[in-house]
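K.L.:
Data: start-v9.json, JSON, C-alpha atoms.
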```json
[["chain", "number", "residue", "atom", "x", "y", "z"],
["L", 133, "MET", "CA", 97.42, 114.24, 113.82],
["L", 134, "LEU", "CA", 94.07, 112.94, 112.54],
["L", 135, "ARG", "CA", 92.89, 113.07, 116.12],
["L", 136, "SER", "CA", 93.44, 116.83, 116.15],
["L", 137, "VAL", "CA", 92.06, 117.35, 112.64],
["L", 138, "ILE", "CA", 88.92, 115.24, 112.87],
["L", 139, "LEU", "CA", 88.31, 114.56, 116.49],
["L", 140, "SER", "CA", 89.13, 117.91, 118.00],
["L", 141, "ARG", "CA", 85.63, 119.19, 117.26],
["L", 142, "THR", "CA", 83.63, 116.08, 116.49],
["L", 143, "PRO", "CA", 84.06, 112.37, 117.03],
["L", 144, "LEU", "CA", 84.40, 110.25, 113.91],
["L", 145, "LEU", "CA", 83.89, 106.64, 114.90],
["L", 146, "CYS", "CA", 84.48, 103.40, 113.04],
["L", 147, "TYR", "CA", 82.03, 100.58, 112.68],
["L", 148, "ASN", "CA", 81.26, 98.93, 116.04],
["L", 149, "ALA", "CA", 82.48, 102.07, 117.83],
["L", 150, "ILE", "CA", 86.17, 101.31, 117.28],
["L", 151, "GLU", "CA", 87.69, 104.76, 117.24],
["L", 152, "VAL", "CA", 89.67, 105.92, 114.24],
["L", 153, "ASN", "CA", 92.31, 106.99, 116.78],
["L", 154, "HIS", "CA", 93.58, 103.40, 116.64],
["L", 155, "TYR", "CA", 94.85, 104.07, 113.12],
["L", 156, "ILE", "CA", 95.69, 107.77, 113.32],
["L", 157, "ASN", "CA", 99.43, 107.63, 113.73],
["L", 158, "ARG", "CA", 99.78, 105.37, 110.71],
["L", 159, "PHE", "CA", 98.02, 107.69, 108.23],
["L", 160, "THR", "CA", 99.74, 110.14, 105.89],
["L", 161, "GLU", "CA", 98.66, 113.77, 105.99],
["L", 162, "LYS", "CA", 96.72, 113.38, 102.73],
["L", 163, "SER", "CA", 94.91, 110.32, 104.14],
["L", 164, "ARG", "CA", 93.90, 112.27, 107.22],
["L", 165, "GLU", "CA", 92.81, 115.15, 105.03],
["L", 166, "ALA", "CA", 90.66, 112.80, 102.94],
["L", 167, "LEU", "CA", 88.92, 111.41, 106.04],
["L", 168, "THR", "CA", 88.21, 114.92, 107.27],
["L", 169, "THR", "CA", 86.85, 115.90, 103.87],
["L", 170, "ALA", "CA", 84.74, 112.74, 103.67],
["L", 171, "GLN", "CA", 83.22, 113.54, 107.04],
["L", 172, "GLY", "CA", 82.39, 117.04, 105.79],
["L", 173, "LEU", "CA", 80.83, 115.59, 102.64],
["L", 174, "ALA", "CA", 78.63, 113.27, 104.68],
["L", 175, "ALA", "CA", 77.43, 116.24, 106.74],
["L", 176, "GLN", "CA", 76.92, 118.36, 103.62],
["L", 177, "TYR", "CA", 74.74, 115.66, 102.03],
["L", 178, "GLY", "CA", 72.88, 115.06, 105.29],
["L", 179, "HIS", "CA", 74.17, 111.50, 105.63],
["L", 180, "GLN", "CA", 74.62, 109.89, 109.03],
["L", 181, "GLU", "CA", 77.79, 107.99, 108.19],
["L", 182, "VAL", "CA", 80.87, 108.36, 106.08],
["L", 183, "ASP", "CA", 80.56, 105.70, 103.41],
["L", 184, "ALA", "CA", 82.86, 104.46, 100.66],
["L", 185, "GLU", "CA", 81.49, 106.96, 98.14],
["L", 186, "HIS", "CA", 82.22, 109.92, 100.43],
["L", 187, "LEU", "CA", 85.80, 108.78, 101.00],
["L", 188, "ALA", "CA", 86.36, 107.94, 97.32],
["L", 189, "LEU", "CA", 85.04, 111.38, 96.33],
["L", 190, "ALA", "CA", 87.34, 113.04, 98.85],
["L", 191, "LEU", "CA", 90.34, 111.12, 97.48],
["L", 192, "VAL", "CA", 89.55, 111.71, 93.81],
["L", 193, "ASN", "CA", 88.92, 115.39, 94.44],
["L", 194, "GLN", "CA", 92.12, 116.05, 96.43],
["L", 195, "GLU", "CA", 93.96, 119.05, 95.12],
["L", 196, "ASP", "CA", 97.44, 117.98, 93.96],
["L", 197, "GLY", "CA", 96.57, 114.49, 95.17],
["L", 198, "PHE", "CA", 98.24, 111.26, 94.21],
["L", 199, "VAL", "CA", 94.99, 109.40, 93.45],
["L", 200, "PRO", "CA", 93.96, 111.79, 90.63],
["L", 201, "ARG", "CA", 97.44, 111.49, 89.11],
["L", 202, "VAL", "CA", 97.22, 107.69, 89.11],
["L", 203, "LEU", "CA", 93.70, 107.81, 87.68],
["L", 204, "GLU", "CA", 94.91, 109.99, 84.82],
["L", 205, "ARG", "CA", 97.73, 107.53, 84.18],
["L", 206, "VAL", "CA", 95.17, 104.68, 84.13],
["L", 207, "GLY", "CA", 93.14, 106.65, 81.58],
["L", 208, "VAL", "CA", 90.24, 107.56, 83.87],
["L", 209, "ALA", "CA", 89.24, 111.21, 84.08],
["L", 210, "PRO", "CA", 89.06, 112.24, 87.76],
["L", 211, "LYS", "CA", 86.40, 114.87, 86.97],
["L", 212, "ALA", "CA", 84.16, 112.19, 85.45],
["L", 213, "LEU", "CA", 84.51, 110.09, 88.61],
["L", 214, "VAL", "CA", 83.72, 113.14, 90.76],
["L", 215, "THR", "CA", 80.53, 113.77, 88.78],
["L", 216, "ALA", "CA", 79.47, 110.11, 88.99],
["L", 217, "LEU", "CA", 80.19, 109.87, 92.73],
["L", 218, "GLU", "CA", 78.31, 113.10, 93.43],
["L", 219, "ALA", "CA", 75.32, 111.69, 91.53],
["L", 220, "VAL", "CA", 75.39, 108.53, 93.66],
["L", 221, "LEU", "CA", 75.55, 110.55, 96.88],
["L", 222, "LYS", "CA", 72.70, 112.86, 95.83],
["L", 223, "LYS", "CA", 70.41, 109.83, 95.40],
["L", 224, "ARG", "CA", 70.88, 108.69, 98.99],
["L", 225, "PRO", "CA", 68.35, 109.55, 101.67],
["L", 226, "SER", "CA", 69.41, 112.46, 103.83],
["L", 227, "VAL", "CA", 68.68, 113.52, 107.38],
["L", 228, "ARG", "CA", 68.17, 117.09, 108.51],
["L", 229, "GLY", "CA", 67.92, 118.30, 112.07],
["L", 230, "PRO", "CA", 68.90, 116.07, 115.04],
["L", 231, "GLY", "CA", 71.08, 113.21, 113.91],
["L", 232, "ALA", "CA", 72.66, 115.18, 111.08],
["L", 233, "GLU", "CA", 75.26, 117.01, 113.15],
["L", 234, "MET", "CA", 78.96, 116.41, 112.51],
["L", 235, "GLY", "CA", 79.35, 114.90, 115.97],
["L", 236, "THR", "CA", 76.94, 112.09, 115.19],
["L", 237, "ILE", "CA", 78.49, 111.01, 111.88],
["L", 238, "THR", "CA", 80.11, 107.58, 112.02],
["L", 239, "ILE", "CA", 82.14, 105.53, 109.57],
["L", 240, "SER", "CA", 80.31, 102.77, 107.74],
["L", 241, "GLN", "CA", 81.27, 99.13, 107.89],
["L", 242, "ARG", "CA", 82.46, 99.42, 104.27],
["L", 243, "VAL", "CA", 84.87, 102.24, 105.13],
["L", 244, "ALA", "CA", 86.11, 100.50, 108.27],
["L", 245, "LYS", "CA", 86.83, 97.39, 106.19],
["L", 246, "ALA", "CA", 88.62, 99.44, 103.50],
["L", 247, "ILE", "CA", 90.76, 101.15, 106.16],
["L", 248, "ALA", "CA", 91.71, 97.82, 107.74],
["L", 249, "ASN", "CA", 92.50, 96.36, 104.31],
["L", 250, "ALA", "CA", 94.48, 99.50, 103.38],
["L", 251, "GLU", "CA", 96.59, 99.02, 106.47],
["L", 252, "ALA", "CA", 97.20, 95.39, 105.46],
["L", 253, "LEU", "CA", 98.12, 96.50, 101.93],
["L", 254, "ALA", "CA", 100.56, 99.04, 103.31],
["L", 255, "LYS", "CA", 102.20, 96.30, 105.38],
["L", 256, "ARG", "CA", 102.43, 93.97, 102.37],
["L", 257, "LEU", "CA", 104.14, 96.77, 100.43],
["L", 258, "ARG", "CA", 106.42, 97.37, 103.44],
["L", 259, "ASP", "CA", 105.14, 100.93, 103.79],
["L", 260, "GLU", "CA", 105.27, 102.58, 107.18],
["L", 261, "TYR", "CA", 102.14, 104.71, 106.69],
["L", 262, "VAL", "CA", 98.68, 104.15, 105.24],
["L", 263, "SER", "CA", 98.55, 106.47, 102.27],
["L", 264, "VAL", "CA", 95.78, 107.64, 99.94],
["L", 265, "GLU", "CA", 96.65, 105.05, 97.32],
["L", 266, "HIS", "CA", 96.28, 102.20, 99.81],
["L", 267, "ILE", "CA", 92.84, 103.43, 100.84],
["L", 268, "PHE", "CA", 91.63, 104.09, 97.30],
["L", 269, "ALA", "CA", 92.86, 100.72, 96.03],
["L", 270, "GLU", "CA", 90.92, 98.97, 98.79],
["L", 271, "LEU", "CA", 87.81, 101.09, 98.19],
["L", 272, "LEU", "CA", 87.91, 99.87, 94.57],
["L", 273, "ARG", "CA", 87.32, 96.33, 95.82],
["L", 274, "GLU", "CA", 83.68, 97.28, 96.41],
["L", 275, "PRO", "CA", 81.26, 94.97, 94.56],
["L", 276, "ALA", "CA", 79.51, 96.33, 91.46],
["L", 277, "SER", "CA", 76.24, 96.21, 93.42],
["L", 278, "THR", "CA", 77.35, 99.27, 95.43],
["L", 279, "GLY", "CA", 77.36, 102.84, 94.16],
["L", 280, "LEU", "CA", 81.15, 103.05, 94.16],
["L", 281, "GLY", "CA", 81.49, 99.61, 92.61],
["L", 282, "GLN", "CA", 79.16, 100.60, 89.78],
["L", 283, "VAL", "CA", 80.98, 103.90, 89.21],
["L", 284, "ALA", "CA", 84.32, 102.08, 89.06],
["L", 285, "ALA", "CA", 82.96, 99.39, 86.73],
["L", 286, "ASP", "CA", 81.44, 102.03, 84.42],
["L", 287, "ALA", "CA", 84.83, 103.78, 84.29],
["L", 288, "GLY", "CA", 86.65, 100.51, 83.57],
["L", 289, "LEU", "CA", 88.56, 100.89, 86.82],
["L", 290, "SER", "CA", 89.58, 97.97, 89.04],
["L", 291, "ALA", "CA", 91.61, 97.67, 92.22],
["L", 292, "ASP", "CA", 94.23, 95.60, 90.40],
["L", 293, "LYS", "CA", 94.58, 98.08, 87.52],
["L", 294, "PHE", "CA", 94.83, 100.99, 89.96],
["L", 295, "THR", "CA", 97.37, 99.19, 92.17],
["L", 296, "GLU", "CA", 99.53, 98.17, 89.20],
["L", 297, "THR", "CA", 99.59, 101.74, 87.90],
["L", 298, "MET", "CA", 100.16, 103.13, 91.39],
["L", 299, "MET", "CA", 103.22, 100.92, 91.78],
["L", 300, "ALA", "CA", 104.58, 102.09, 88.42],
["L", 301, "VAL", "CA", 104.11, 105.74, 89.39],
["L", 302, "ARG", "CA", 105.60, 105.26, 92.84],
["L", 303, "GLY", "CA", 108.57, 103.42, 91.43],
["L", 304, "PRO", "CA", 110.98, 102.16, 94.08],
["L", 305, "HIS", "CA", 109.67, 104.58, 96.71],
["L", 306, "ARG", "CA", 108.03, 103.34, 99.88],
["L", 307, "VAL", "CA", 105.75, 105.33, 102.15],
["L", 308, "THR", "CA", 108.16, 106.16, 104.95],
["L", 309, "SER", "CA", 106.88, 109.60, 105.91],
["L", 310, "ALA", "CA", 103.60, 111.35, 106.51],
["L", 311, "ASN", "CA", 104.18, 113.24, 103.22],
["L", 312, "PRO", "CA", 105.25, 110.61, 100.67],
["L", 313, "GLU", "CA", 103.72, 112.26, 97.59],
["L", 314, "GLU", "CA", 106.69, 114.63, 97.39],
["L", 315, "SER", "CA", 109.02, 111.72, 96.56],
["L", 316, "TYR", "CA", 106.83, 110.09, 93.88],
["L", 317, "GLU", "CA", 107.52, 110.47, 90.19],
["L", 318, "ALA", "CA", 106.09, 113.69, 88.80],
["L", 319, "LEU", "CA", 103.63, 112.98, 86.01]]
```
Can you dump the structure from the file as structure tokens?
P.N.:
Amino acid sequence: MLRSVILSRTPLLCYNAIEVNHYINRFTEKSREALTTAQGLAAQYGHQEVDAEHLALALVNQEDGFVPRVLERVGVAPKALVTALEAVLKKRPSVRGPGAEMGTITISQRVAKAIANAEALAKRLRDEYVSVEHIFAELLREPASTGLGQVAADAGLSADKFTETMMAVRGPHRVTSANPEESYEAL
């Protein structure tokens, strides 16, 4: 499905040219949506690659998304994270003209690593799909020296705190469908 959402018009490639298609069938709909949105954000800001801050912003900003619900439960205001992430992205150099087209936007090494680690987390949790919470939890492992790491540290947010709260919200449910959010506890 991600192939048709992201790659139907433009290629979105992983670090070292490993195509995202390798992971596509194991992503939930919301995860695919977040990657598409992150790609659009990179293009909007004139960035040549989708980086951790783009993907985190897409996840935090998801309408009716699971990540914002978990953040609220942790005590972190999603809107404050959105503002902070937007500020980080605005400070980055941008490219206009050739090289800034959607078809030339790639995924950074940081995002590729987070996706691979999210898949490993999903397996450890015995989930069948890589969901938004897996990706966001792994993005939060960014060091404080990165924009996302600094934003998370400033908000008092850690991967462990997010994962612990995520597990409490999910309860006994596993990610066994492409739409798992429907079965999670309503906040």
K.L.:
Can you work out the spacing between CA of Ala174 in chain L and CA of Thr297 in chain L in Å, to one decimal?
P.N.:
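CA of Ala174 in chain L sits 29.2 Å away from CA of Thr297 in chain L.
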K.L.:
Find the residues near Glu296 in chain L: any atom within 12 Å, counting all atoms listed in the file, skip ones fewer than 4 places away on the same chain, and give them as a list in words.
P.N.:
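After dropping sequence-adjacent residues, the list is Val202, Leu203, Arg205, Val206, Glu265, His266, Ala269, Leu289, Ser290, Ala291, Asp292, Ala300, Val301, Arg302 and Gly303 of chain L.
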K.L.:
By how many Å are CA of Ala276 in chain L and CA of Ala175 in chain L apart?
P.N.:
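Taking CA of Ala276 in chain L as the start and CA of Ala175 in chain L as the end point, the length is 25.2 Å.
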K.L.:
Please indicate the distance in Å from CA of Leu272 in chain L to CA of Leu257 in chain L, rounded to one decimal place.
P.N.:
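Separation between CA of Leu272 in chain L and CA of Leu257 in chain L: 17.5 Å.
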K.L.:
Tell me, as a ChimeraX atom specification, which residues lie within 9 Å of range 242-251 of chain L, counting only C-alpha atoms; anything in the same chain fewer than 3 positions away does not count.
P.N.:
/L:146-147,152,155,158-159,182-184,187,239,254-256,261-274
K.L.:
Could you tell me which of L:Lys222, L:Ala212, L:Gly281, L:Val192 comes closest to Lys162 in chain L if we count all atoms listed in the file?
P.N.:
L:Val192
K.L.:
Could you check which of L:Thr160, L:Thr308, L:Thr295, L:Thr168 is closest to Asp259 in chain L, using only C-alpha atoms?
P.N.:
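Nearest to Asp259 in chain L: L:Thr308.
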K.L.:
Rank L:Lys293, L:Gln176, L:Gln194, L:Glu185 by their smallest atom-to-atom distance to Ser163 in chain L, using all atoms listed in the file, and report the top residue only.
P.N.:
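Closest candidate: L:Gln194.
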K.L.:
How big is the axis-aligned box around the listed atoms of range 290-299 of chain L once 8 Å is added on each side, and where is its centre? Give both in Å to one decimal, as JSON.
P.N.:
```
{"center_x": 96.4, "center_y": 99.4, "center_z": 89.9, "size_x": 29.6, "size_y": 23.5, "size_z": 20.7}
```
